[in-house]
file structure32.txt (compact mmCIF, C-alpha atoms)
# COMPACT_ATOMS: atom_id res chain seq x y z
CA MET H 665 128.26 165.11 88.50
CA ARG H 666 125.65 164.53 91.22
CA ARG H 667 128.16 162.46 93.14
CA CYS H 668 130.70 165.30 92.91
CA ASP H 669 128.08 167.58 94.42
CA GLU H 670 127.33 165.13 97.23
CA LEU H 671 130.99 164.42 97.96
CA GLY H 672 131.68 168.16 97.95
CA ARG H 673 129.52 168.50 101.05
CA VAL H 674 131.79 166.17 103.08
CA SER H 675 134.14 168.56 104.83
CA GLU H 676 135.93 169.12 108.12
CA GLU H 677 135.17 172.84 108.05
CA GLU H 678 131.77 174.48 108.17
CA GLY H 679 130.91 176.52 105.11
CA ARG H 680 133.85 175.48 102.96
CA LEU H 681 135.34 172.30 101.53
CA THR H 682 138.42 170.96 103.30
CA ARG H 683 139.47 167.31 103.62
CA THR H 684 142.92 166.50 104.94
CA PHE H 685 144.80 163.26 105.46
CA ALA H 686 143.23 160.80 107.94
CA SER H 687 140.65 163.35 109.15
CA PRO H 688 137.08 162.35 110.03
CA ALA H 689 135.99 164.06 106.80
CA MET H 690 138.37 161.88 104.79
CA ARG H 691 137.00 158.80 106.51
CA GLY H 692 133.52 160.01 105.60
CA ALA H 693 134.55 160.55 101.99
CA ASN H 694 136.01 157.05 101.81
CA ALA H 695 132.81 155.59 103.22
CA LEU H 696 130.64 157.47 100.71
CA VAL H 697 132.79 156.75 97.65
CA GLY H 698 133.20 153.16 98.86
CA SER H 699 129.41 152.75 98.79
CA TRP H 700 129.36 153.92 95.15
CA MET H 701 132.16 151.50 94.32
CA ARG H 702 130.13 148.63 95.74
CA GLN H 703 127.10 149.73 93.72
CA ALA H 704 129.34 149.51 90.63
CA GLY H 705 130.20 145.91 91.49
CA LEU H 706 133.66 146.48 92.97
CA THR H 707 135.13 144.85 96.04
CA VAL H 708 136.27 147.61 98.40
CA ARG H 709 139.00 147.99 100.99
CA GLU H 710 141.03 150.72 102.69
CA ASP H 711 144.78 150.19 103.01
CA ALA H 712 147.10 151.16 105.87
CA ALA H 713 147.63 154.63 104.37
CA PHE H 714 143.85 155.23 104.19
CA ASN H 715 143.79 154.89 100.40
CA LEU H 716 140.40 153.70 99.16
CA ILE H 717 140.69 150.80 96.70
CA GLY H 718 137.87 149.31 94.66
CA ARG H 719 138.56 146.29 92.46
CA LEU H 720 136.74 144.69 89.56
CA PRO H 721 138.51 141.32 89.70
CA SER H 722 139.71 139.41 86.67
CA ALA H 723 139.18 135.69 86.27
CA GLU H 724 142.66 135.38 84.76
CA ARG H 725 145.16 133.59 86.97
CA GLY H 726 148.07 135.84 87.95
CA ALA H 727 146.38 138.94 86.57
CA LYS H 728 147.96 142.34 87.20
CA SER H 729 146.07 145.56 87.88
CA VAL H 730 145.19 148.50 85.69
CA ILE H 731 144.47 151.38 88.06
CA ILE H 732 142.31 154.42 87.42
CA GLY H 733 143.01 156.82 90.25
CA SER H 734 143.25 160.29 91.69
CA HIS H 735 142.94 161.79 95.17
CA LEU H 736 140.06 162.43 97.56
CA ASP H 737 141.82 164.94 99.84
CA THR H 738 141.62 168.68 99.14
CA VAL H 739 143.33 171.96 99.82
CA ARG H 740 141.63 174.29 102.29
CA ASP H 741 138.54 176.02 100.89
CA ALA H 742 138.70 173.84 97.81
CA GLY H 743 136.62 173.21 94.74
CA LYS H 744 134.83 169.89 94.40
CA TYR H 745 136.48 168.55 91.22
CA ASP H 746 140.25 168.65 91.80
CA GLY H 747 140.98 164.99 92.53
CA PRO H 748 137.51 163.58 93.28
CA LEU H 749 136.37 163.97 89.66
CA GLY H 750 139.07 161.55 88.52
CA VAL H 751 138.10 158.99 91.15
CA LEU H 752 134.40 159.20 90.31
CA ILE H 753 135.09 158.95 86.57
CA GLY H 754 137.03 155.80 87.46
CA VAL H 755 134.03 154.37 89.30
CA ALA H 756 131.82 155.08 86.28
CA VAL H 757 134.32 153.45 83.91
CA ALA H 758 134.56 150.36 86.13
CA GLU H 759 130.78 150.08 86.12
CA LYS H 760 130.81 150.15 82.29
CA MET H 761 133.40 147.34 82.29
CA ARG H 762 131.27 144.86 84.26
CA GLY H 763 130.87 141.67 82.25
CA GLN H 764 133.82 142.43 79.93
CA ASN H 765 136.03 139.54 81.21
CA LEU H 766 139.07 141.76 81.40
CA PRO H 767 142.51 140.08 81.41
CA PHE H 768 143.55 142.32 84.32
CA HIS H 769 142.04 143.50 87.56
CA LEU H 770 140.55 146.97 87.09
CA GLU H 771 141.09 149.03 90.22
CA VAL H 772 139.79 152.46 91.14
CA VAL H 773 141.92 154.18 93.79
CA GLY H 774 141.07 157.28 95.80
CA PHE H 775 144.42 158.36 97.26
CA SER H 776 144.32 159.72 100.79
CA ASP H 777 146.77 162.61 100.44
CA GLU H 778 148.03 164.29 97.30
CA GLU H 779 147.83 167.94 98.38
CA GLY H 780 150.02 167.62 101.48
CA VAL H 781 148.00 170.09 103.56
CA LYS H 782 148.35 168.32 106.90
CA TYR H 783 152.08 167.61 106.94
CA GLN H 784 153.37 169.64 103.96
CA THR H 785 154.45 166.33 102.45
CA THR H 786 152.65 165.68 99.18
CA TYR H 787 151.62 162.32 97.69
CA LEU H 788 151.52 160.46 101.02
CA GLY H 789 148.86 158.09 99.72
CA SER H 790 150.46 157.13 96.40
CA ARG H 791 154.00 157.10 97.79
CA ALA H 792 152.88 154.76 100.57
CA MET H 793 151.31 152.42 98.01
CA CYS H 794 154.49 152.47 95.91
CA GLY H 795 156.82 152.06 98.89
CA LEU H 796 158.48 155.43 98.26
CA LEU H 797 158.09 157.10 101.65
CA ALA H 798 161.38 158.22 103.19
CA ALA H 799 162.22 157.82 106.86
CA LYS H 800 161.86 161.58 107.40
CA ASP H 801 158.32 161.42 105.97
CA LEU H 802 157.33 158.60 108.31
CA GLY H 803 158.91 160.46 111.22
CA ARG H 804 156.71 163.52 110.84
CA ILE H 805 153.43 161.60 110.44
CA ARG H 806 151.46 160.91 113.60
CA GLU H 807 149.45 158.11 112.01
CA LYS H 808 151.78 155.13 112.25
CA GLY H 809 151.91 152.01 110.15
CA ILE H 810 151.13 153.60 106.79
CA ALA H 811 154.22 152.01 105.25
CA ARG H 812 152.30 148.72 105.36
CA ALA H 813 150.31 150.01 102.38
CA LYS H 814 153.27 149.18 100.10
CA ARG H 815 152.47 146.94 97.15
CA ALA H 816 154.89 145.06 94.91
CA LYS H 817 155.67 146.55 91.49
CA ARG H 818 154.74 143.28 89.85
CA GLU H 819 151.09 143.89 90.80
CA PHE H 820 150.77 146.92 88.51
CA LEU H 821 150.18 146.85 84.78
CA ALA H 822 149.27 150.51 84.14
CA TYR H 823 147.98 153.65 85.79
CA LEU H 824 145.50 156.11 84.26
CA GLU H 825 144.37 159.38 85.80
CA ALA H 826 141.76 161.92 84.75
CA HIS H 827 142.03 165.37 86.33
CA ILE H 828 140.78 168.87 85.69
CA GLU H 829 143.39 170.84 83.78
CA GLN H 830 143.80 173.55 86.45
CA GLY H 831 144.70 175.94 83.65
CA PRO H 832 143.05 177.79 80.73
CA VAL H 833 144.65 176.09 77.70
CA LEU H 834 141.90 173.60 76.83
CA GLU H 835 139.27 176.30 77.15
CA HIS H 836 141.34 178.56 74.88
CA VAL H 837 141.66 175.91 72.15
CA ARG H 838 138.05 174.75 72.66
CA ALA H 839 138.94 171.15 73.45
CA PRO H 840 137.06 169.09 76.06
CA VAL H 841 140.10 167.00 77.02
CA GLY H 842 143.86 166.93 76.55
CA VAL H 843 146.59 164.33 76.97
CA VAL H 844 149.48 165.01 79.35
CA SER H 845 153.06 164.55 78.13
CA ASP H 846 155.02 165.34 81.31
CA ILE H 847 154.41 166.41 84.89
CA ALA H 848 156.76 169.23 85.82
CA GLY H 849 159.39 168.80 88.49
CA GLN H 850 158.92 170.81 91.66
CA THR H 851 161.01 172.17 94.52
CA ARG H 852 159.39 173.42 97.72
CA ILE H 853 161.52 175.65 99.93
CA ARG H 854 160.86 177.04 103.38
CA ALA H 855 163.00 180.08 104.21
CA ALA H 856 163.30 182.98 106.61
CA PHE H 857 165.12 186.28 107.00
CA ILE H 858 166.06 187.26 110.54
CA GLY H 859 166.78 190.90 111.22
CA ARG H 860 166.01 193.05 114.25
CA ALA H 861 162.62 194.23 115.45
CA ALA H 862 162.58 197.93 116.30
CA HIS H 863 160.22 200.85 116.71
CA ALA H 864 158.77 201.92 113.36
CA GLY H 865 158.74 205.62 114.29
CA THR H 866 162.16 206.07 115.85
CA THR H 867 164.50 203.91 113.73
CA PRO H 868 166.01 205.72 110.72
CA MET H 869 165.54 203.99 107.36
CA ASN H 870 169.29 203.53 106.82
CA LEU H 871 169.76 201.82 110.20
CA ARG H 872 167.04 199.22 109.83
CA ARG H 873 167.42 195.43 109.52
CA ASP H 874 163.96 194.80 108.09
CA ALA H 875 163.38 191.10 107.46
CA LEU H 876 160.29 191.67 105.33
CA CYS H 877 162.18 193.92 102.93
CA GLY H 878 164.51 190.99 102.35
CA VAL H 879 161.55 188.77 101.47
CA ALA H 880 160.25 191.44 99.10
CA GLU H 881 163.48 191.33 97.11
CA VAL H 882 163.30 187.53 96.79
CA VAL H 883 159.65 187.72 95.68
CA LEU H 884 160.60 190.04 92.82
CA ALA H 885 163.63 187.91 91.95
CA ALA H 886 161.43 184.80 91.77
CA GLU H 887 159.16 186.63 89.33
CA LYS H 888 162.13 187.03 86.96
CA ALA H 889 163.76 183.62 87.52
CA GLY H 890 162.75 182.22 84.12
CA VAL H 891 160.75 179.33 85.60
CA ILE H 892 157.39 178.99 87.31
CA ALA H 893 158.17 180.36 90.77
CA THR H 894 155.78 181.42 93.52
CA VAL H 895 156.09 182.80 97.03
CA GLY H 896 152.75 181.56 98.30
CA GLN H 897 153.11 182.10 102.03
CA CYS H 898 154.73 184.85 104.08
CA ALA H 899 154.45 185.43 107.81
CA VAL H 900 155.88 188.27 109.89
CA GLU H 901 156.70 187.33 113.45
CA GLY H 902 154.88 189.68 115.80
CA GLY H 903 153.17 191.47 112.98
CA ALA H 904 152.44 194.80 114.70
CA SER H 905 151.81 197.81 112.48
CA ASN H 906 154.32 199.98 114.36
CA VAL H 907 157.16 197.44 114.61
CA ILE H 908 159.85 196.81 112.01
CA PRO H 909 159.69 193.09 111.10
CA GLY H 910 162.45 191.21 112.89
CA ARG H 911 161.70 187.83 111.35
CA ALA H 912 159.81 186.94 108.19
CA THR H 913 159.30 183.37 107.00
CA PHE H 914 158.18 182.48 103.49
CA THR H 915 157.73 179.59 101.10
CA LEU H 916 159.07 179.28 97.59
CA ASP H 917 157.58 176.92 95.01
CA VAL H 918 159.70 176.42 91.87
CA ARG H 919 158.62 174.29 88.87
CA ASP H 920 159.77 173.41 85.38
CA VAL H 921 159.61 170.41 83.07
CA LYS H 922 163.43 170.59 82.73
CA ASP H 923 164.96 169.52 86.02
CA ALA H 924 168.34 171.12 85.35
CA LYS H 925 166.69 174.46 84.66
CA ARG H 926 164.61 174.19 87.86
CA ARG H 927 167.61 173.30 90.00
CA ALA H 928 169.66 176.11 88.48
CA ALA H 929 166.89 178.59 89.25
CA CYS H 930 166.71 177.39 92.84
CA GLY H 931 170.46 177.79 93.20
CA LYS H 932 170.35 181.28 91.71
CA LEU H 933 167.51 182.34 94.02
CA ARG H 934 169.40 181.08 97.05
CA LYS H 935 172.47 183.10 96.01
CA ILE H 936 170.27 186.17 95.56
CA ALA H 937 168.75 185.62 99.02
CA ALA H 938 172.20 185.26 100.57
CA ALA H 939 173.36 188.46 98.89
CA VAL H 940 170.25 190.29 100.13
CA ALA H 941 170.93 189.03 103.65
CA ARG H 942 174.54 190.30 103.60
CA ARG H 943 173.59 193.68 102.22
CA ARG H 944 170.75 194.22 104.69
CA GLY H 945 172.47 192.74 107.76
CA LEU H 946 170.07 189.78 107.95
CA ALA H 947 170.50 186.11 108.73
CA LEU H 948 169.07 183.62 106.24
CA GLU H 949 167.45 180.23 106.83
CA TRP H 950 166.86 178.10 103.72
CA GLU H 951 165.48 174.54 103.70
CA ILE H 952 164.41 172.39 100.75
CA VAL H 953 161.29 170.73 102.13
CA GLN H 954 160.52 168.62 99.09
CA GLU H 955 161.96 168.02 95.64
CA THR H 956 160.21 166.03 92.91
CA PRO H 957 161.77 165.42 89.49
CA THR H 958 159.89 165.83 86.24
CA ALA H 959 157.81 162.74 85.46
CA PRO H 960 157.42 161.94 81.76
CA MET H 961 154.27 159.99 81.02
CA ASP H 962 154.72 156.60 79.37
CA ALA H 963 154.84 157.00 75.57
CA GLY H 964 152.97 153.79 74.81
CA LEU H 965 150.18 154.37 77.30
CA THR H 966 149.92 158.02 76.24
CA SER H 967 149.44 156.82 72.66
CA VAL H 968 146.56 154.64 73.87
CA LEU H 969 144.91 157.74 75.34
CA ARG H 970 145.57 159.77 72.20
CA ARG H 971 143.88 157.15 70.03
CA ALA H 972 140.98 156.99 72.46
CA VAL H 973 140.54 160.76 72.16
CA GLY H 974 140.59 160.59 68.35
CA SER H 975 141.11 163.68 66.20
CA ARG H 976 142.25 167.11 67.45
CA VAL H 977 144.29 165.75 70.33
CA ARG H 978 145.88 168.45 72.47
CA THR H 979 149.10 167.25 74.14
CA MET H 980 150.36 169.37 77.01
CA ALA H 981 152.68 169.37 80.01
CA SER H 982 151.26 169.63 83.51
CA GLY H 983 152.63 172.37 85.73
CA ALA H 984 150.76 170.91 88.70
CA GLY H 985 151.81 167.74 90.49
CA HIS H 986 149.64 164.62 90.39
CA ASP H 987 149.67 161.09 91.78
CA ALA H 988 150.52 159.94 88.25
CA ALA H 989 154.03 161.33 88.84
CA VAL H 990 154.51 158.86 91.70
CA MET H 991 152.81 155.93 90.00
CA SER H 992 155.05 156.44 86.93
CA LYS H 993 157.96 155.19 89.07
CA VAL H 994 156.44 151.73 89.40
CA CYS H 995 154.43 151.23 86.20
CA PRO H 996 153.49 152.92 82.90
CA ALA H 997 151.34 155.98 83.67
CA ALA H 998 149.30 158.39 81.56
CA MET H 999 147.01 161.32 82.27
CA LEU H 1000 143.95 162.90 80.71
CA PHE H 1001 143.09 166.53 81.41
CA VAL H 1002 139.48 167.72 81.47
CA ARG H 1003 138.67 171.31 80.52
CA CYS H 1004 137.71 173.54 83.45
CA LYS H 1005 136.08 176.95 83.34
CA GLY H 1006 138.59 179.79 83.34
CA GLY H 1007 141.34 177.41 84.42
CA VAL H 1008 140.23 177.98 88.02
CA SER H 1009 141.41 175.39 90.55
CA HIS H 1010 142.07 175.14 94.29
CA HIS H 1011 139.05 177.41 94.72
CA PRO H 1012 135.30 176.94 95.30
CA ASP H 1013 134.64 178.33 91.80
CA GLU H 1014 136.05 175.20 90.11
CA SER H 1015 133.64 174.24 87.34
CA VAL H 1016 133.46 171.62 84.59
CA LYS H 1017 130.90 170.87 81.88
CA GLU H 1018 128.92 167.66 82.09
CA SER H 1019 129.56 167.08 78.37
CA ASP H 1020 133.33 167.31 78.90
CA VAL H 1021 133.15 164.82 81.77
CA ALA H 1022 131.20 162.48 79.49
CA VAL H 1023 133.98 162.73 76.89
CA ALA H 1024 136.62 161.93 79.52
CA LEU H 1025 134.65 158.94 80.74
CA ASP H 1026 134.32 157.55 77.23
CA VAL H 1027 138.02 158.13 76.48
CA LEU H 1028 139.11 156.19 79.56
CA ALA H 1029 136.63 153.41 78.82
CA ARG H 1030 138.02 153.07 75.27
CA ALA H 1031 141.56 153.08 76.63
CA VAL H 1032 140.76 150.27 79.08
CA LEU H 1033 139.23 148.20 76.28
CA GLU H 1034 142.30 148.72 74.07
CA LEU H 1035 144.54 147.60 76.92
CA ALA H 1036 142.32 144.54 77.31
CA LYS H 1037 142.83 143.66 73.63
CA ARG H 1038 146.59 144.12 73.98
CA HIS H 1039 146.90 141.90 77.03
CA GLY H 1040 144.12 139.43 76.35
call {"tool": "encode", "arguments": {"input": "structure32.txt", "output": "structure tokens"}}
result
Amino acid sequence: MRRCDELGRVSEEEGRLTRTFASPAMRGANALVGSWMRQAGLTVREDAAFNLIGRLPSAERGAKSVIIGSHLDTVRDAGKYDGPLGVLIGVAVAEKMRGQNLPFHLEVVGFSDEEGVKYQTTYLGSRAMCGLLAAKDLGRIREKGIARAKRAKREFLAYLEAHIEQGPVLEHVRAPVGVVSDIAGQTRIRAAFIGRAAHAGTTPMNLRRDALCGVAEVVLAAEKAGVIATVGQCAVEGGASNVIPGRATFTLDVRDVKDAKRRAACGKLRKIAAAVARRRGLALEWEIVQETPTAPMDAGLTSVLRRAVGSRVRTMASGAGHDAAVMSKVCPAAMLFVRCKGGVSHHPDESVKESDVAVALDVLARAVLELAKRHG
């Protein structure tokens, strides 16, 4: 908890917590967390994608790696637990495992970019490690060479991630931790309506081509789409109080654990937007920026976590994306949620109880020891 406090002061913005991919603040975070990894007895390196990797090496010849990971980057004006808590729990677990003669390497990874703030391309760090970056991703990134971070699938045995819930369920059921069943699929869309700017006082209402009114209709349609859908950004070009908006750009975030349902909702919303554009005399731009399918967590590894939790296990889907979704493509992956106050996340008011963090630490430690028995 003290380390979360200290790490939370490493920021690229004065007065609020922001750490983005490859920024000086991220380099500072890697240096600080790397020093704690070394204190825990880990060997430390940074890969070509700026992921921080600490390893407790196994003496077994040809050993694979069990990874405990999460991310060290943040959104803008963030809380100090989303991501970093999982990394620091991993460091604490690795320290507890010293002297255990594990049959696998135990690695703690602080991924360099999960939030996607800098390039609007999420999971840069974990996708680089897994070799899943597309050419269009590499083309938009100024920092070159990150594809060299790719590791072979055969290196990985399992991936575990602890993360604050980012929702109110665990608090509601009075449980310190929960086990994740699936990570919901997600579609990110960037769109715009283009109408005609005109004087707000002289243009009759029935002769307007107001781009922002078009956005307003899509916002309300998204609210009734039957999935988790959010218009999180909207910008009016010009933006004068006495000018009818001629262009309005917006983002649309659509999520669901059923990919077919999510895709159908996206298709329906695009049809609605096109109909709005025709009726209002607007042009429509619509681009899918990113699409991530639902990632089921590995049943066997999830069972290991459930047994480590013990009685009263709460199993739940994650509406938020996590690096575990990427890692699940190359090895068995499982996630543990930690209760957070009020379900608040992506905000400075993020808060967790020390006792809940202690439970999460013990659960992951027990899970690692069970994996050691299985593979020993």
call {"tool": "residues_around", "arguments": {"input": "structure32.txt", "residues": "region 860-865 of chain H", "least_positions_apart": "4", "cutoff": "6 Å", "atoms": "all atoms listed in the file", "output": "PyMOL selection string"}}
result
chain H and resi 873+906-910
call {"tool": "atom_distance", "arguments": {"input": "structure32.txt", "atom1": "CA of Leu824 (chain H)", "atom2": "CA of Ala997 (chain H)"}}
result
5.9 Å
call {"tool": "residues_around", "arguments": {"input": "structure32.txt", "residues": "Asp846 (chain H)", "least_positions_apart": "4", "cutoff": "8 Å", "atoms": "all atoms listed in the file", "output": "list in words"}}
result
Val921, Thr958, Ala959, Pro960, Met961, Met980, Ala981 and Ser982 of chain H
call {"tool": "residues_near_point", "arguments": {"input": "structure32.txt", "point": "(134.2, 149.6, 84.5)", "cutoff": "10 Å", "atoms": "only C-alpha atoms", "output": "PyMOL selection string"}}
result
chain H and resi 704-706+719-720+732+753-764+766+770-772+1028-1029+1032-1033
call {"tool": "residues_near_point", "arguments": {"input": "structure32.txt", "point": "(157.6, 179.8, 101.6)", "cutoff": "8 Å", "atoms": "all atoms listed in the file", "output": "number ranges by chain"}}
result
H: 852-855, 895-898, 913-917
call {"tool": "atom_distance", "arguments": {"input": "structure32.txt", "atom1": "CA of Thr682 (chain H)", "atom2": "CA of Asp737 (chain H)"}}
result
7.7 Å
call {"tool": "residues_around", "arguments": {"input": "structure32.txt", "residues": "Gly831 (chain H)", "least_positions_apart": "6", "cutoff": "10 Å", "atoms": "only C-alpha atoms", "output": "VMD selection string"}}
result
chain H and resid 982 to 984 1001 to 1009
call {"tool": "build_atoms", "arguments": {"input": "structure32.txt", "residues": "region 927-947 of chain H", "atoms": "N, CA and C atoms", "output": "tab-separated table (two decimals), in the coordinates of the input"}}
result
chain	number	residue	atom	x	y	z
H	927	ARG	N	166.59	173.30	88.96
H	927	ARG	CA	167.61	173.30	90.00
H	927	ARG	C	168.51	174.53	89.89
H	928	ALA	N	168.83	174.92	88.66
H	928	ALA	CA	169.66	176.11	88.48
H	928	ALA	C	168.95	177.36	89.00
H	929	ALA	N	167.66	177.45	88.76
H	929	ALA	CA	166.89	178.59	89.25
H	929	ALA	C	166.86	178.62	90.77
H	930	CYS	N	166.70	177.46	91.38
H	930	CYS	CA	166.71	177.39	92.84
H	930	CYS	C	168.06	177.84	93.40
H	931	GLY	N	169.13	177.38	92.76
H	931	GLY	CA	170.46	177.79	93.20
H	931	GLY	C	170.68	179.28	93.05
H	932	LYS	N	170.22	179.84	91.94
H	932	LYS	CA	170.35	181.28	91.71
H	932	LYS	C	169.56	182.08	92.74
H	933	LEU	N	168.34	181.62	93.05
H	933	LEU	CA	167.51	182.34	94.02
H	933	LEU	C	168.12	182.28	95.42
H	934	ARG	N	168.75	181.15	95.74
H	934	ARG	CA	169.40	181.08	97.05
H	934	ARG	C	170.58	182.05	97.12
H	935	LYS	N	171.35	182.15	96.04
H	935	LYS	CA	172.47	183.10	96.01
H	935	LYS	C	171.97	184.54	96.14
H	936	ILE	N	170.86	184.83	95.46
H	936	ILE	CA	170.27	186.17	95.56
H	936	ILE	C	169.85	186.45	97.00
H	937	ALA	N	169.19	185.44	97.63
H	937	ALA	CA	168.75	185.62	99.02
H	937	ALA	C	169.93	185.84	99.95
H	938	ALA	N	171.01	185.10	99.72
H	938	ALA	CA	172.20	185.26	100.57
H	938	ALA	C	172.81	186.65	100.38
H	939	ALA	N	172.82	187.13	99.15
H	939	ALA	CA	173.36	188.46	98.89
H	939	ALA	C	172.50	189.54	99.54
H	940	VAL	N	171.18	189.36	99.47
H	940	VAL	CA	170.25	190.29	100.13
H	940	VAL	C	170.51	190.31	101.63
H	941	ALA	N	170.69	189.12	102.21
H	941	ALA	CA	170.93	189.03	103.65
H	941	ALA	C	172.20	189.78	104.05
H	942	ARG	N	173.28	189.60	103.28
H	942	ARG	CA	174.54	190.30	103.60
H	942	ARG	C	174.36	191.80	103.51
H	943	ARG	N	173.72	192.24	102.45
H	943	ARG	CA	173.59	193.68	102.22
H	943	ARG	C	172.71	194.34	103.27
H	944	ARG	N	171.70	193.63	103.73
H	944	ARG	CA	170.75	194.22	104.69
H	944	ARG	C	171.06	193.85	106.14
H	945	GLY	N	172.12	193.11	106.40
H	945	GLY	CA	172.47	192.74	107.76
H	945	GLY	C	171.49	191.72	108.35
H	946	LEU	N	171.03	190.79	107.53
H	946	LEU	CA	170.07	189.78	107.95
H	946	LEU	C	170.72	188.41	107.99
H	947	ALA	N	170.15	187.53	108.78
H	947	ALA	CA	170.50	186.11	108.73
H	947	ALA	C	169.49	185.42	107.81
